[in-house]
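Trainee: Sending over a structure as structure tokens; questions will come in a sec.
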Amino acid sequence: MGSATREAVASSRAALAALGGTIDLATGESLLDAGRVIGSSSQLLSALADPSADVAAKQALVSRVFGTAVTPAALELLKAVSGERWSNQGDLLAGIEELGLRATARSGAGDGSIEGELFAFGATVSSDSELELALASKLGLPEAKAGLVSALLTGKVSPQTLVIVRHLVQQPRGRRIGELLRHAATVVADQAGTTIATVISANALAPAQLDRLKKSLADRYGRALTLNQIVDTSVVGGLRVQIGDDVIDGSIATRIADLRLQLAG
């Protein structure tokens, strides 16, 4: 991420925070919809991402294109985004998507349910090769993928999760479905002031064990955590925890592998 994009992202987040309670699900959905429209038009994307273009002219363009097609709050945020300098066109699209994800998350309960639902759907997709192909194939129409997601998830997940997944499968921007869902869950968690910890163990941990682990990790990292659990028999005992780029590996399999390396050395 270039320095220009880092500053643009910070300013965009501040613009979202400044809107306070005016953010609702419709605003989040409007931002994600607008991002897809911009991404599908090379001319529009080029005009809005041009760092040398006049800011007022770019904001006027946003108003002409989207006008009443988005919520007032979404229009204000799109104008704020277009007024920033982005390192490249991809970063602009990523910035709009992040705002859409954060706005959608703000309209939810904030209890970790959205992150959990995204994680659960990711697990479902990864275990079903046909479903993964249907959602990831470059030959599939975005509208058909969104329809498939609606058929699978409507009534089973929150409206926020449905909006997010429908968007992701329509505008993957070169990312695999698992990566899309993990990134979205991370953004949603960050908006709620938490961090996602993925716990991998040979057997499912009991609720009491998860609670103790959650408290211990929260004390260590100084932040509330959302725990996602994966059962993987190859762990062989103990558990492995991943939080961002940090990996805490206490599995027996890893200890054996480390011992073998020491003996071999």
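Each chain in the structure tokens gets a letter, A, B and so on, in the order shown; residues start at 1 in every chain, and ligands are counted from 1 in the order they appear.
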Could you name the residues that touch range 75-83 of chain A at 8 Å or less, counting only C-alpha atoms, but leaving out those on the same chain fewer than 2 positions away, as a PDB file with C-alpha atoms, in the first residue's frame?

Mentor:
```pdb
ATOM      1  CA  ALA A   8      -6.657   8.223   1.683  1.00  0.00           C
ATOM      2  CA  SER A  12     -12.093   7.838   4.297  1.00  0.00           C
ATOM      3  CA  ALA A  15     -15.382  10.505   6.980  1.00  0.00           C
ATOM      4  CA  LEU A  16     -17.366   7.361   7.780  1.00  0.00           C
ATOM      5  CA  LEU A  31     -21.304   1.873  -1.450  1.00  0.00           C
ATOM      6  CA  LEU A  48     -11.925   9.194 -10.327  1.00  0.00           C
ATOM      7  CA  ALA A  49      -8.486   7.710  -9.653  1.00  0.00           C
ATOM      8  CA  VAL A  55     -11.197  17.427  -6.902  1.00  0.00           C
ATOM      9  CA  ALA A  56     -14.352  19.481  -7.437  1.00  0.00           C
ATOM     10  CA  LYS A  58     -14.375  14.480  -9.679  1.00  0.00           C
ATOM     11  CA  GLN A  59     -16.939  15.071  -6.949  1.00  0.00           C
ATOM     12  CA  VAL A  62     -19.803  11.323  -8.687  1.00  0.00           C
ATOM     13  CA  SER A  63     -22.953  13.376  -8.137  1.00  0.00           C
ATOM     14  CA  PHE A  66     -24.901   8.320  -8.727  1.00  0.00           C
ATOM     15  CA  GLY A  67     -27.176  11.199  -7.704  1.00  0.00           C
ATOM     16  CA  VAL A  70     -27.458   5.832  -3.580  1.00  0.00           C
ATOM     17  CA  THR A  71     -28.290   7.009  -0.086  1.00  0.00           C
ATOM     18  CA  PRO A  72     -27.293  10.583   0.858  1.00  0.00           C
ATOM     19  CA  ALA A  73     -24.687   9.220   3.256  1.00  0.00           C
ATOM     20  CA  ARG A  85      -5.320  10.796  -3.776  1.00  0.00           C
ATOM     21  CA  LEU A  92      -9.474   3.253  -5.047  1.00  0.00           C
ATOM     22  CA  GLY A  95     -11.052   1.820  -0.491  1.00  0.00           C
ATOM     23  CA  ILE A  96     -14.678   1.989  -1.616  1.00  0.00           C
TER      24      ILE A  96
END
```

Trainee: Using only C-alpha atoms, determine which residues lie at most 12 Å from range 239-245 of chain A, disregarding the query and same-chain residues fewer than 5 positions distant; provide the list as JSON, numbers by chain.

Mentor: {"A": [182, 183, 185, 186, 187, 189, 190, 194, 195, 196, 197, 198, 199, 200, 201, 202, 203, 204, 205, 209, 210, 213, 214, 217, 218, 220, 221, 223, 224, 225, 226, 227, 228, 229, 230, 231, 232, 233, 234, 250, 251, 252, 253, 254, 255]}

Trainee: Nearest residue to Gly110 in chain A out of A:Leu153, A:Ala192, A:Ile38, A:Leu131, using only C-alpha atoms?

Mentor: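 Among A:Leu153, A:Ala192, A:Ile38, A:Leu131, it is A:Ala192 that comes nearest to Gly110 in chain A.
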
Trainee: Suppose you want the space between CA of Glu179 in chain A and CA of Ala146 in chain A; what is it in Å?

Mentor: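 Computing it gives 17.4 Å between the two atoms.
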
Trainee: Tell me, which residues of range 122-242 of chain A carry DSSP alpha helix (DSSP H), written as a PyMOL selection string?

Mentor: chain A and resi 122-126+129-136+142-153+159-170+177-191+207-221

Trainee: So the first atom is CA of Phe121 in chain A and the second is CA of Ile23 in chain A; what is the distance between them in Å, to one decimal place?

Mentor: 25.6 Å

Trainee: When you draw a straight line from CA of Arg36 in chain A to CA of Val169 in chain A, how long is it in Å?

Mentor: 11.0 Å
